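*Asks:* For reference, this is target-v2.pdb, and it has PDB, C-alpha atoms.
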ATOM      1  CA  MET A   1       3.685  -1.777  -1.593
ATOM      2  CA  SER A   2       1.827  -4.950  -0.705
ATOM      3  CA  LEU A   3       1.922  -6.526   2.733
ATOM      4  CA  THR A   4       4.595  -9.149   3.348
ATOM      5  CA  ALA A   5       4.001 -12.108   5.648
ATOM      6  CA  LYS A   6       6.102 -10.309   8.253
ATOM      7  CA  ASP A   7       3.972  -7.159   7.989
ATOM      8  CA  LYS A   8       0.804  -9.191   8.541
ATOM      9  CA  GLU A   9       2.361 -10.938  11.527
ATOM     10  CA  ILE A  10       3.335  -7.624  13.108
ATOM     11  CA  VAL A  11      -0.104  -6.101  12.481
ATOM     12  CA  LYS A  12      -1.937  -9.082  13.972
ATOM     13  CA  ALA A  13       0.369  -9.215  17.010
ATOM     14  CA  PHE A  14       0.024  -5.492  17.647
ATOM     15  CA  TRP A  15      -3.747  -5.726  17.188
ATOM     16  CA  THR A  16      -4.042  -8.107  20.153
ATOM     17  CA  LYS A  17      -2.506  -5.358  22.318
ATOM     18  CA  LEU A  18      -4.634  -2.672  20.694
ATOM     19  CA  ALA A  19      -7.992  -4.473  20.712
ATOM     20  CA  PRO A  20      -8.913  -3.794  24.372
ATOM     21  CA  LYS A  21      -8.276  -0.068  23.846
ATOM     22  CA  ALA A  22      -9.661   0.124  20.319
ATOM     23  CA  ASP A  23     -12.714   2.234  21.192
ATOM     24  CA  ASP A  24     -10.639   4.885  22.963
ATOM     25  CA  VAL A  25      -8.068   4.907  20.175
ATOM     26  CA  GLY A  26     -10.837   5.367  17.611
ATOM     27  CA  ALA A  27     -12.464   8.211  19.529
ATOM     28  CA  ASP A  28      -9.133   9.997  20.042
ATOM     29  CA  ALA A  29      -8.058   9.554  16.399
ATOM     30  CA  LEU A  30     -11.357  10.897  15.107
ATOM     31  CA  SER A  31     -11.282  13.805  17.592
ATOM     32  CA  ARG A  32      -7.810  14.709  16.434
ATOM     33  CA  MET A  33      -8.705  14.463  12.763
ATOM     34  CA  LEU A  34     -11.604  16.883  13.215
ATOM     35  CA  ALA A  35      -9.526  19.286  15.333
ATOM     36  CA  VAL A  36      -6.287  19.213  13.346
ATOM     37  CA  TYR A  37      -7.735  18.908   9.816
ATOM     38  CA  PRO A  38     -10.925  20.965  10.036
ATOM     39  CA  GLN A  39     -11.811  20.336   6.398
ATOM     40  CA  THR A  40     -12.816  16.810   7.482
ATOM     41  CA  LYS A  41     -15.628  18.274   9.556
ATOM     42  CA  THR A  42     -17.583  18.817   6.362
ATOM     43  CA  TYR A  43     -18.519  15.133   6.365
ATOM     44  CA  PHE A  44     -20.099  15.350   9.794
ATOM     45  CA  ALA A  45     -22.166  18.512   9.546
ATOM     46  CA  HIS A  46     -25.188  16.534  10.713
ATOM     47  CA  TRP A  47     -23.666  15.886  14.162
ATOM     48  CA  LYS A  48     -24.648  18.183  17.004
ATOM     49  CA  ASP A  49     -21.233  18.200  18.616
ATOM     50  CA  LEU A  50     -17.907  17.891  16.783
ATOM     51  CA  SER A  51     -15.667  18.701  19.736
ATOM     52  CA  PRO A  52     -12.990  16.223  20.848
ATOM     53  CA  GLY A  53     -14.462  13.380  22.883
ATOM     54  CA  SER A  54     -18.108  14.272  22.251
ATOM     55  CA  ALA A  55     -20.752  11.544  22.166
ATOM     56  CA  PRO A  56     -21.148  11.296  18.373
ATOM     57  CA  VAL A  57     -17.352  11.341  17.977
ATOM     58  CA  LYS A  58     -16.900   8.549  20.520
ATOM     59  CA  LYS A  59     -19.605   6.460  18.925
ATOM     60  CA  HIS A  60     -18.233   6.882  15.449
ATOM     61  CA  GLY A  61     -14.667   6.233  16.588
ATOM     62  CA  LYS A  62     -15.916   2.870  17.821
ATOM     63  CA  THR A  63     -17.580   2.170  14.469
ATOM     64  CA  ILE A  64     -14.404   2.990  12.604
ATOM     65  CA  MET A  65     -12.234   0.745  14.766
ATOM     66  CA  GLY A  66     -14.802  -2.008  14.261
ATOM     67  CA  GLY A  67     -14.065  -1.651  10.567
ATOM     68  CA  VAL A  68     -10.315  -1.779  11.206
ATOM     69  CA  ALA A  69     -10.736  -4.899  13.360
ATOM     70  CA  ASP A  70     -12.688  -6.479  10.534
ATOM     71  CA  ALA A  71      -9.884  -5.587   8.136
ATOM     72  CA  VAL A  72      -7.266  -7.218  10.402
ATOM     73  CA  GLY A  73      -9.279 -10.424  10.168
ATOM     74  CA  LYS A  74      -9.415 -10.112   6.387
ATOM     75  CA  ILE A  75      -5.813  -9.026   5.968
ATOM     76  CA  ASP A  76      -5.121 -11.708   3.377
ATOM     77  CA  ASP A  77      -7.628 -10.229   0.934
ATOM     78  CA  LEU A  78      -8.611  -6.738   1.917
ATOM     79  CA  THR A  79     -10.098  -5.826  -1.457
ATOM     80  CA  ALA A  80     -12.619  -8.665  -1.391
ATOM     81  CA  GLY A  81     -13.210  -8.419   2.342
ATOM     82  CA  LEU A  82     -14.016  -4.714   2.338
ATOM     83  CA  LEU A  83     -16.164  -4.648  -0.820
ATOM     84  CA  ASN A  84     -19.348  -3.593   0.928
ATOM     85  CA  LEU A  85     -17.629  -0.894   2.953
ATOM     86  CA  SER A  86     -16.033   0.364  -0.232
ATOM     87  CA  GLU A  87     -19.411   0.625  -1.924
ATOM     88  CA  LEU A  88     -20.742   2.508   1.087
ATOM     89  CA  HIS A  89     -17.880   5.027   1.038
ATOM     90  CA  ALA A  90     -17.926   5.357  -2.748
ATOM     91  CA  PHE A  91     -21.593   5.735  -3.535
ATOM     92  CA  THR A  92     -23.258   6.869  -0.378
ATOM     93  CA  LEU A  93     -20.801   8.647   1.865
ATOM     94  CA  ARG A  94     -18.698   9.883  -1.064
ATOM     95  CA  VAL A  95     -15.692  10.617   1.092
ATOM     96  CA  ASP A  96     -12.717  11.903  -0.870
ATOM     97  CA  PRO A  97     -10.159   9.085  -0.529
ATOM     98  CA  ALA A  98      -7.457  11.623   0.343
ATOM     99  CA  ASN A  99      -9.088  11.756   3.748
ATOM    100  CA  PHE A 100      -8.318   8.094   4.436
ATOM    101  CA  LYS A 101      -4.675   9.065   4.654
ATOM    102  CA  ILE A 102      -5.474  11.827   7.101
ATOM    103  CA  LEU A 103      -7.406   9.517   9.414
ATOM    104  CA  SER A 104      -4.692   6.855   9.130
ATOM    105  CA  HIS A 105      -2.059   9.386  10.221
ATOM    106  CA  ASN A 106      -4.147  10.362  13.224
ATOM    107  CA  ILE A 107      -4.599   6.724  14.225
ATOM    108  CA  LEU A 108      -0.809   6.333  14.170
ATOM    109  CA  VAL A 109      -0.346   9.464  16.321
ATOM    110  CA  VAL A 110      -2.721   8.031  18.932
ATOM    111  CA  LEU A 111      -0.909   4.696  18.881
ATOM    112  CA  ALA A 112       2.360   6.549  19.532
ATOM    113  CA  ILE A 113       0.751   8.150  22.578
ATOM    114  CA  VAL A 114      -0.947   5.031  23.954
ATOM    115  CA  PHE A 115       1.903   2.601  23.181
ATOM    116  CA  PRO A 116       5.090   4.679  23.394
ATOM    117  CA  ASN A 117       7.324   1.612  23.818
ATOM    118  CA  GLU A 118       5.574  -0.910  21.579
ATOM    119  CA  PHE A 119       5.048   1.482  18.640
ATOM    120  CA  THR A 120       8.582   0.980  17.355
ATOM    121  CA  PRO A 121       9.651   2.060  13.853
ATOM    122  CA  GLU A 122       9.154  -1.544  12.657
ATOM    123  CA  VAL A 123       5.605  -1.656  13.996
ATOM    124  CA  HIS A 124       5.016   1.849  12.608
ATOM    125  CA  VAL A 125       5.969   0.886   9.057
ATOM    126  CA  ALA A 126       3.900  -2.334   9.130
ATOM    127  CA  LEU A 127       0.840  -0.476  10.407
ATOM    128  CA  ASP A 128       1.325   2.386   7.967
ATOM    129  CA  LYS A 129       1.427  -0.142   5.117
ATOM    130  CA  PHE A 130      -1.637  -1.924   6.493
ATOM    131  CA  LEU A 131      -3.666   1.272   6.833
ATOM    132  CA  GLY A 132      -2.538   2.234   3.320
ATOM    133  CA  ALA A 133      -3.726  -1.129   1.980
ATOM    134  CA  LEU A 134      -6.978  -0.737   3.907
ATOM    135  CA  SER A 135      -7.478   2.723   2.397
ATOM    136  CA  ARG A 136      -6.840   1.399  -1.085
ATOM    137  CA  ALA A 137      -9.360  -1.397  -0.562
ATOM    138  CA  LEU A 138     -11.858   1.201   0.654
ATOM    139  CA  ALA A 139     -11.289   3.263  -2.487
ATOM    140  CA  GLU A 140     -11.643   0.226  -4.765
ATOM    141  CA  LYS A 141     -15.200   0.933  -5.835
ATOM    142  CA  TYR A 142     -14.854   4.655  -6.388
ATOM    143  CA  ARG A 143     -14.499   4.663 -10.156
ATOM    144  CA  TYR A 144     -15.760   1.254 -10.974
ATOM    145  CA  PRO A 145     -18.534   0.060 -13.225
ATOM    146  CA  THR A 146     -21.270  -1.265 -11.059
ATOM    147  CA  THR A 147     -24.347  -3.338 -11.640
ATOM    148  CA  ARG A 148     -26.263  -1.351  -9.034
ATOM    149  CA  SER A 149     -29.309   0.495 -10.308
ATOM    150  CA  GLU A 150     -29.147   4.285 -10.228
ATOM    151  CA  PRO A 151     -30.082   5.779  -6.870
ATOM    152  CA  GLN A 152     -33.452   7.506  -6.969
ATOM    153  CA  ASN A 153     -32.053  10.809  -5.695
ATOM    154  CA  GLU A 154     -28.669  12.001  -6.901
ATOM    155  CA  GLN A 155     -27.898  14.021  -3.828
ATOM    156  CA  HIS A 156     -25.469  13.794  -0.980
ATOM    157  CA  PHE A 157     -26.904  12.607   2.263
ATOM    158  CA  SER A 158     -25.652  11.060   5.433
ATOM    159  CA  PRO A 159     -26.795   7.793   6.944
ATOM    160  CA  PRO A 160     -29.486   8.333   9.569
ATOM    161  CA  LEU A 161     -28.140   7.422  12.969
ATOM    162  CA  SER A 162     -31.150   5.246  13.706
ATOM    163  CA  ILE A 163     -30.028   2.625  11.208
ATOM    164  CA  SER A 164     -27.935  -0.076  12.860
ATOM    165  CA  THR A 165     -24.239  -0.352  12.094
ATOM    166  CA  SER A 166     -24.425  -3.724  10.420
ATOM    167  CA  LYS A 167     -27.196  -2.588   8.137
ATOM    168  CA  ARG A 168     -25.317   0.600   7.349
ATOM    169  CA  SER A 169     -22.284  -1.267   6.230
ATOM    170  CA  SER A 170     -24.026  -3.522   3.779
ATOM    171  CA  MET A 171     -25.758  -3.119   0.477
ATOM    172  CA  CYS A 172     -29.104  -4.020   2.070
ATOM    173  CA  TRP A 173     -28.981  -0.711   3.876
ATOM    174  CA  LEU A 174     -29.434   1.158   0.631
ATOM    175  CA  ALA A 175     -32.619  -0.807   0.018
ATOM    176  CA  ALA A 176     -33.649  -0.203   3.612
ATOM    177  CA  VAL A 177     -33.619   3.555   3.139
ATOM    178  CA  GLY A 178     -35.350   3.270  -0.215
ATOM    179  CA  ILE A 179     -32.437   4.528  -2.260
ATOM    180  CA  CYS A 180     -32.238   1.571  -4.519
ATOM    181  CA  ARG A 181     -34.876  -1.045  -4.771
ATOM    182  CA  GLU A 182     -32.644  -3.899  -5.683
ATOM    183  CA  THR A 183     -29.241  -5.127  -4.668
ATOM    184  CA  HIS A 184     -26.585  -5.413  -7.337
ATOM    185  CA  LYS A 185     -27.799  -8.767  -8.553
ATOM    186  CA  GLY A 186     -29.330  -8.797 -12.014
ATOM    187  CA  THR A 187     -29.598  -5.081 -12.756
ATOM    188  CA  SER A 188     -28.026  -3.437 -15.740
ATOM    189  CA  SER A 189     -25.114  -1.087 -15.397
ATOM    190  CA  LYS A 190     -25.709   2.538 -16.263
ATOM    191  CA  ARG A 191     -22.231   3.817 -15.365
TER
ATOM    192  CA  MET B   1       1.055  36.247   6.352
ATOM    193  CA  VAL B   2       0.471  33.679   9.084
ATOM    194  CA  THR B   3      -1.344  34.777  12.209
ATOM    195  CA  TRP B   4      -0.823  32.868  15.417
ATOM    196  CA  THR B   5      -3.215  32.897  18.331
ATOM    197  CA  ASP B   6      -1.769  33.378  21.805
ATOM    198  CA  PHE B   7      -2.591  29.754  22.527
ATOM    199  CA  GLU B   8      -0.674  28.598  19.447
ATOM    200  CA  ARG B   9       2.390  30.683  20.239
ATOM    201  CA  ALA B  10       2.499  29.563  23.830
ATOM    202  CA  THR B  11       1.854  25.933  22.927
ATOM    203  CA  ILE B  12       4.595  25.761  20.330
ATOM    204  CA  GLN B  13       7.145  27.363  22.659
ATOM    205  CA  ASP B  14       6.029  24.944  25.344
ATOM    206  CA  ILE B  15       6.433  21.880  23.136
ATOM    207  CA  PHE B  16       9.969  22.821  22.210
ATOM    208  CA  SER B  17      10.860  23.513  25.822
ATOM    209  CA  LYS B  18       9.606  20.076  26.867
ATOM    210  CA  ILE B  19      11.077  17.813  24.191
ATOM    211  CA  ASP B  20      14.570  16.401  24.373
ATOM    212  CA  TYR B  21      16.261  17.607  21.166
ATOM    213  CA  ASP B  22      18.866  14.871  21.360
ATOM    214  CA  ILE B  23      16.178  12.204  21.250
ATOM    215  CA  VAL B  24      13.456  13.737  19.092
ATOM    216  CA  GLY B  25      15.648  14.814  16.172
ATOM    217  CA  PRO B  26      17.446  11.482  15.698
ATOM    218  CA  ASP B  27      14.256   9.480  16.358
ATOM    219  CA  ALA B  28      12.214  11.433  13.832
ATOM    220  CA  LEU B  29      14.825  11.187  11.100
ATOM    221  CA  SER B  30      15.504   7.484  11.652
ATOM    222  CA  ARG B  31      11.774   6.774  11.747
ATOM    223  CA  CYS B  32      11.393   8.625   8.427
ATOM    224  CA  LEU B  33      14.190   6.565   6.848
ATOM    225  CA  ILE B  34      12.628   3.331   8.148
ATOM    226  CA  VAL B  35       8.946   4.019   7.478
ATOM    227  CA  TYR B  36       9.509   5.745   4.112
ATOM    228  CA  PRO B  37      12.627   3.981   2.831
ATOM    229  CA  TRP B  38      12.770   5.935  -0.412
ATOM    230  CA  THR B  39      13.888   8.937   1.637
ATOM    231  CA  GLN B  40      17.209   7.133   2.049
ATOM    232  CA  ARG B  41      18.079   8.314  -1.441
ATOM    233  CA  TYR B  42      19.302  11.598   0.028
ATOM    234  CA  PHE B  43      21.690   9.972   2.459
ATOM    235  CA  GLY B  44      23.964   7.888   0.259
ATOM    236  CA  SER B  45      27.015   8.992   2.234
ATOM    237  CA  PHE B  46      25.630   7.878   5.589
ATOM    238  CA  GLY B  47      26.896   4.292   5.371
ATOM    239  CA  ASN B  48      24.850   1.411   6.716
ATOM    240  CA  LEU B  49      21.111   2.017   6.265
ATOM    241  CA  TYR B  50      20.280  -1.570   5.401
ATOM    242  CA  ASN B  51      17.758  -2.263   8.115
ATOM    243  CA  ALA B  52      15.869  -0.583  10.935
ATOM    244  CA  ALA B  53      18.446  -1.513  13.575
ATOM    245  CA  ALA B  54      21.292  -0.141  11.478
ATOM    246  CA  ILE B  55      19.430   3.101  10.811
ATOM    247  CA  ALA B  56      18.493   3.556  14.455
ATOM    248  CA  SER B  57      22.097   3.139  15.577
ATOM    249  CA  ASN B  58      23.730   5.055  12.722
ATOM    250  CA  PRO B  59      25.701   7.978  14.197
ATOM    251  CA  LYS B  60      25.415  10.092  11.035
ATOM    252  CA  VAL B  61      21.637   9.766  11.115
ATOM    253  CA  ALA B  62      21.612  10.797  14.757
ATOM    254  CA  ALA B  63      23.856  13.776  14.093
ATOM    255  CA  HIS B  64      21.752  14.883  11.167
ATOM    256  CA  GLY B  65      18.557  14.497  13.176
ATOM    257  CA  LYS B  66      19.928  17.084  15.573
ATOM    258  CA  VAL B  67      20.770  19.406  12.659
ATOM    259  CA  VAL B  68      17.164  19.186  11.412
ATOM    260  CA  LEU B  69      15.766  20.008  14.828
ATOM    261  CA  GLY B  70      18.174  22.923  15.035
ATOM    262  CA  GLY B  71      16.650  24.134  11.791
ATOM    263  CA  LEU B  72      13.216  24.041  13.406
ATOM    264  CA  GLU B  73      14.518  26.226  16.211
ATOM    265  CA  LYS B  74      15.069  28.912  13.597
ATOM    266  CA  ALA B  75      11.365  28.835  12.767
ATOM    267  CA  LEU B  76      10.535  28.898  16.465
ATOM    268  CA  LYS B  77      12.565  32.084  16.926
ATOM    269  CA  ASN B  78      11.064  33.766  13.836
ATOM    270  CA  MET B  79       7.455  32.715  14.022
ATOM    271  CA  ASP B  80       6.193  35.929  12.511
ATOM    272  CA  ASP B  81       8.165  35.525   9.303
ATOM    273  CA  ILE B  82       9.155  31.925   8.844
ATOM    274  CA  LYS B  83       9.013  32.331   5.073
ATOM    275  CA  GLN B  84      11.774  34.916   5.157
ATOM    276  CA  ALA B  85      13.794  33.112   7.804
ATOM    277  CA  TYR B  86      13.786  29.954   5.669
ATOM    278  CA  ALA B  87      14.538  31.557   2.296
ATOM    279  CA  ASP B  88      18.148  30.349   2.248
ATOM    280  CA  LEU B  89      17.264  26.906   3.597
ATOM    281  CA  SER B  90      14.671  26.574   0.887
ATOM    282  CA  VAL B  91      17.186  27.433  -1.822
ATOM    283  CA  LEU B  92      19.609  24.931  -0.278
ATOM    284  CA  HIS B  93      17.067  22.091  -0.324
ATOM    285  CA  SER B  94      15.923  22.938  -3.819
ATOM    286  CA  GLU B  95      19.118  23.726  -5.676
ATOM    287  CA  LYS B  96      21.874  21.987  -3.799
ATOM    288  CA  LEU B  97      20.280  19.032  -2.015
ATOM    289  CA  GLN B  98      17.557  18.617  -4.643
ATOM    290  CA  VAL B  99      15.081  17.090  -2.225
ATOM    291  CA  ASP B 100      11.591  16.307  -3.529
ATOM    292  CA  PRO B 101       9.495  18.664  -1.379
ATOM    293  CA  ASP B 102       6.840  15.986  -0.810
ATOM    294  CA  ASN B 103       9.368  14.439   1.549
ATOM    295  CA  PHE B 104       9.074  17.386   3.940
ATOM    296  CA  LYS B 105       5.571  16.254   4.833
ATOM    297  CA  LEU B 106       6.790  12.720   5.502
ATOM    298  CA  LEU B 107       9.410  13.966   7.944
ATOM    299  CA  ALA B 108       6.859  16.307   9.534
ATOM    300  CA  ASP B 109       4.510  13.350  10.085
ATOM    301  CA  CYS B 110       7.279  11.322  11.729
ATOM    302  CA  LEU B 111       8.201  14.289  13.893
ATOM    303  CA  THR B 112       4.574  14.611  15.002
ATOM    304  CA  ILE B 113       4.507  10.939  15.970
ATOM    305  CA  VAL B 114       7.763  11.140  17.932
ATOM    306  CA  VAL B 115       6.685  14.311  19.765
ATOM    307  CA  ALA B 116       3.325  12.659  20.506
ATOM    308  CA  SER B 117       5.025   9.672  22.103
ATOM    309  CA  GLN B 118       7.309  11.960  24.127
ATOM    310  CA  LEU B 119       4.511  14.198  25.426
ATOM    311  CA  GLY B 120       1.889  11.456  25.852
ATOM    312  CA  LYS B 121      -1.398  12.688  27.242
ATOM    313  CA  ASP B 122      -0.151  16.301  27.155
ATOM    314  CA  PHE B 123      -0.277  16.095  23.358
ATOM    315  CA  THR B 124      -3.992  16.862  23.320
ATOM    316  CA  PRO B 125      -5.910  17.441  20.067
ATOM    317  CA  GLU B 126      -5.559  21.219  20.598
ATOM    318  CA  VAL B 127      -1.805  20.998  21.147
ATOM    319  CA  HIS B 128      -1.570  18.628  18.183
ATOM    320  CA  ALA B 129      -3.435  21.142  15.993
ATOM    321  CA  ALA B 130      -1.063  23.975  16.945
ATOM    322  CA  PHE B 131       1.980  21.816  16.248
ATOM    323  CA  ALA B 132       0.540  20.637  12.917
ATOM    324  CA  LYS B 133      -0.045  24.255  11.884
ATOM    325  CA  PHE B 134       3.533  25.164  12.814
ATOM    326  CA  LEU B 135       4.943  22.270  10.776
ATOM    327  CA  ALA B 136       2.666  23.115   7.837
ATOM    328  CA  VAL B 137       4.013  26.680   7.824
ATOM    329  CA  VAL B 138       7.595  25.372   8.028
ATOM    330  CA  VAL B 139       6.999  22.958   5.145
ATOM    331  CA  ALA B 140       5.383  25.691   3.033
ATOM    332  CA  ALA B 141       8.356  27.974   3.683
ATOM    333  CA  LEU B 142      10.776  25.222   2.661
ATOM    334  CA  ARG B 143       8.817  24.690  -0.552
ATOM    335  CA  LYS B 144       8.745  28.382  -1.382
ATOM    336  CA  GLN B 145      12.008  28.641  -3.338
ATOM    337  CA  TYR B 146      11.402  25.622  -5.568
ATOM    338  CA  HIS B 147      11.075  26.792  -9.145
TER
END
Let me see whether you can do it: turn the structure in this file into structure tokens.

*Replies:*
Amino acid sequence: MSLTAKDKEIVKAFWTKLAPKADDVGADALSRMLAVYPQTKTYFAHWKDLSPGSAPVKKHGKTIMGGVADAVGKIDDLTAGLLNLSELHAFTLRVDPANFKILSHNILVVLAIVFPNEFTPEVHVALDKFLGALSRALAEKYRYPTTRSEPQNEQHFSPPLSISTSKRSSMCWLAAVGICRETHKGTSSKR
Amino acid sequence: MVTWTDFERATIQDIFSKIDYDIVGPDALSRCLIVYPWTQRYFGSFGNLYNAAAIASNPKVAAHGKVVLGGLEKALKNMDDIKQAYADLSVLHSEKLQVDPDNFKLLADCLTIVVASQLGKDFTPEVHAAFAKFLAVVVAALRKQYH
């Protein structure tokens, strides 16, 4: 189910309407996901407050929609465009990809609330396909031979909030927190 | 055995009292047929389903949307034993209609989206959670008699 030219057109056009409200949409979608699908809270145990509309939820909703905005810009090659984010989700965050679907659904619910007239069935299907393609691109690196060196500690951890967003979403971040000393260039694969 | 909090019971009754059955049922079903086109396989006798406009204006789709919502009313009236209330419906979907039960979730998702757009801001995360639980119980009950 790849994106047709028409799908991409619809997504980009709808995004121009969505962009000014993206932060609120992100916060609401994340709030809903945590409230309606409580198993997703397990990924955010390090937050002080998981209630709808709390500060960490709002902040992270903004981060997520930043990622979606990025994806809209890279809609012609999501797999290549989202490589770093995929590595982050695969090796560091280790989010079960089934949860991408859950978040996508919640984003669509919020869009239905915020844009009751513009979120027509045609827009709905194009966006559903887009979020599906985005999710697949995010899952790309999950079972993939990598040339990264083994992380020093094989344990789950969550990114410290003090690290900036741009650093967190790139390979350099892993070096920054001392997890792997080198980037993926020139190291042998152990997977 | 499903237990409902007072909030959940009240919320679900409230949702159904607020939504317009004649809009929500048809909208949810047509959205399902448009967004997940493989679901059209069960509606071969409905005539023109060739594009979104045709589906949205198809009178058989609209009529059937109302039937589906009527089915949900049955769950609403029997919240303490939806499994039992839906036993016959489950057999019908499994043995006669032969619907892949994964499709129930797709329709439930479309229904959630249509209800959300109808209720707007009133469809808070807490209300959404109660409605999602209700639909999950309904879907589980419909899946029960598949062997």

*Asks:* Set the cut-off to 10 Å and count all atoms listed in the file: what are the residues of chain B that reach chain A? Output as number ranges by chain.

*Replies:* B: 27-28, 30-37, 51-53, 56, 109-110, 112-133

*Asks:* Kindly resolve the PyMOL selection byres ((chain B and resi 60) around 10) on the present coordinates and return the residues as number ranges by chain.

*Replies:* B: 26, 43, 45-48, 55, 57-59, 61-66

*Asks:* Closest to A:Pro56 among A:Lys41, A:Ala27, A:Val68, A:Ile75, using all atoms listed in the file?

*Replies:*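 Distance minimum relative to A:Pro56 lands on A:Ala27.
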
*Asks:* Enter the distance from atom CA of A:Asp7 to atom CA of A:Asp70, in Å, rounded to one decimal.

*Replies:*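 Atom CA of A:Asp70 lies 16.9 Å from atom CA of A:Asp7.
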
*Asks:* One number please: atom CA of A:Tyr142 to atom CA of A:Ala90, in Å, one decimal.

*Replies:* 4.8 Å

*Asks:* Using Å and a single decimal, report how far atom CA of A:Lys12 sits from atom CA of A:Ser135.

*Replies:*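 Value for the atom CA of A:Ser135-atom CA of A:Lys12 distance: 17.4 Å.
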
*Asks:* Evaluate the PyMOL selection byres ((chain B and resi 2) around 9) on the structure here and hand back the selected residues as a list in words.

*Replies:* Met1, Thr3, Trp4, Met79, Asp80, Asp81, Ile82 and Val137 of chain B

*Asks:* Excluding stretch 82-89 of chain A and its own-chain neighbours fewer than 3 positions away, which residues fall within 9 Å of it when counting only C-alpha atoms? Please give them as a compact mmCIF listing (two decimals) with C-alpha atoms, in the frame of the given file.

*Replies:*
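Output file result_20.txt follows:
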# COMPACT_ATOMS: atom_id res chain seq x y z
CA GLY A 67 -14.06 -1.65 10.57
CA ASP A 70 -12.69 -6.48 10.53
CA ALA A 71 -9.88 -5.59 8.14
CA LYS A 74 -9.41 -10.11 6.39
CA ASP A 77 -7.63 -10.23 0.93
CA LEU A 78 -8.61 -6.74 1.92
CA THR A 79 -10.10 -5.83 -1.46
CA THR A 92 -23.26 6.87 -0.38
CA LEU A 93 -20.80 8.65 1.86
CA ARG A 94 -18.70 9.88 -1.06
CA VAL A 95 -15.69 10.62 1.09
CA ASP A 96 -12.72 11.90 -0.87
CA PRO A 97 -10.16 9.09 -0.53
CA LEU A 134 -6.98 -0.74 3.91
CA ALA A 137 -9.36 -1.40 -0.56
CA LEU A 138 -11.86 1.20 0.65
CA ALA A 139 -11.29 3.26 -2.49
CA GLU A 140 -11.64 0.23 -4.76
CA LYS A 141 -15.20 0.93 -5.84
CA TYR A 142 -14.85 4.66 -6.39
CA ARG A 168 -25.32 0.60 7.35
CA SER A 169 -22.28 -1.27 6.23
CA SER A 170 -24.03 -3.52 3.78
CA MET A 171 -25.76 -3.12 0.48
CA LEU A 174 -29.43 1.16 0.63

*Asks:* Just checking: using all atoms listed in the file, which residue out of B:Lys74, B:Arg41, B:Lys144, B:Lys105 ends up closest to B:Leu92?

*Replies:* B:Lys144

*Asks:* If I only have part of stretch 62-74 of chain A, can you fill in N, CA and C atoms and write it as a PDB file, keeping the file's coordinate frame?

*Replies:*
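Ended up saving to out_25.pdb:
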ATOM      1  N   LYS A  62     -15.732   4.295  17.549  1.00  0.00           N
ATOM      2  CA  LYS A  62     -15.916   2.870  17.821  1.00  0.00           C
ATOM      3  C   LYS A  62     -16.279   2.142  16.524  1.00  0.00           C
ATOM      4  N   THR A  63     -17.172   2.757  15.755  1.00  0.00           N
ATOM      5  CA  THR A  63     -17.580   2.170  14.469  1.00  0.00           C
ATOM      6  C   THR A  63     -16.384   1.986  13.547  1.00  0.00           C
ATOM      7  N   ILE A  64     -15.577   3.035  13.486  1.00  0.00           N
ATOM      8  CA  ILE A  64     -14.404   2.990  12.604  1.00  0.00           C
ATOM      9  C   ILE A  64     -13.460   1.866  13.024  1.00  0.00           C
ATOM     10  N   MET A  65     -13.176   1.770  14.311  1.00  0.00           N
ATOM     11  CA  MET A  65     -12.234   0.745  14.766  1.00  0.00           C
ATOM     12  C   MET A  65     -12.828  -0.641  14.579  1.00  0.00           C
ATOM     13  N   GLY A  66     -14.150  -0.740  14.598  1.00  0.00           N
ATOM     14  CA  GLY A  66     -14.802  -2.008  14.261  1.00  0.00           C
ATOM     15  C   GLY A  66     -14.447  -2.407  12.837  1.00  0.00           C
ATOM     16  N   GLY A  67     -14.452  -1.409  11.957  1.00  0.00           N
ATOM     17  CA  GLY A  67     -14.065  -1.651  10.567  1.00  0.00           C
ATOM     18  C   GLY A  67     -12.610  -2.084  10.452  1.00  0.00           C
ATOM     19  N   VAL A  68     -11.743  -1.434  11.242  1.00  0.00           N
ATOM     20  CA  VAL A  68     -10.315  -1.779  11.206  1.00  0.00           C
ATOM     21  C   VAL A  68     -10.108  -3.204  11.734  1.00  0.00           C
ATOM     22  N   ALA A  69     -10.830  -3.544  12.796  1.00  0.00           N
ATOM     23  CA  ALA A  69     -10.736  -4.899  13.360  1.00  0.00           C
ATOM     24  C   ALA A  69     -11.125  -5.922  12.305  1.00  0.00           C
ATOM     25  N   ASP A  70     -12.214  -5.617  11.608  1.00  0.00           N
ATOM     26  CA  ASP A  70     -12.688  -6.479  10.534  1.00  0.00           C
ATOM     27  C   ASP A  70     -11.586  -6.664   9.487  1.00  0.00           C
ATOM     28  N   ALA A  71     -10.944  -5.547   9.151  1.00  0.00           N
ATOM     29  CA  ALA A  71      -9.884  -5.587   8.136  1.00  0.00           C
ATOM     30  C   ALA A  71      -8.709  -6.451   8.595  1.00  0.00           C
ATOM     31  N   VAL A  72      -8.372  -6.393   9.892  1.00  0.00           N
ATOM     32  CA  VAL A  72      -7.266  -7.218  10.402  1.00  0.00           C
ATOM     33  C   VAL A  72      -7.590  -8.690  10.166  1.00  0.00           C
ATOM     34  N   GLY A  73      -8.853  -9.041  10.395  1.00  0.00           N
ATOM     35  CA  GLY A  73      -9.279 -10.424  10.168  1.00  0.00           C
ATOM     36  C   GLY A  73      -9.248 -10.811   8.699  1.00  0.00           C
ATOM     37  N   LYS A  74      -9.369  -9.831   7.826  1.00  0.00           N
ATOM     38  CA  LYS A  74      -9.415 -10.112   6.387  1.00  0.00           C
ATOM     39  C   LYS A  74      -8.140  -9.667   5.700  1.00  0.00           C
TER      40      LYS A  74
END
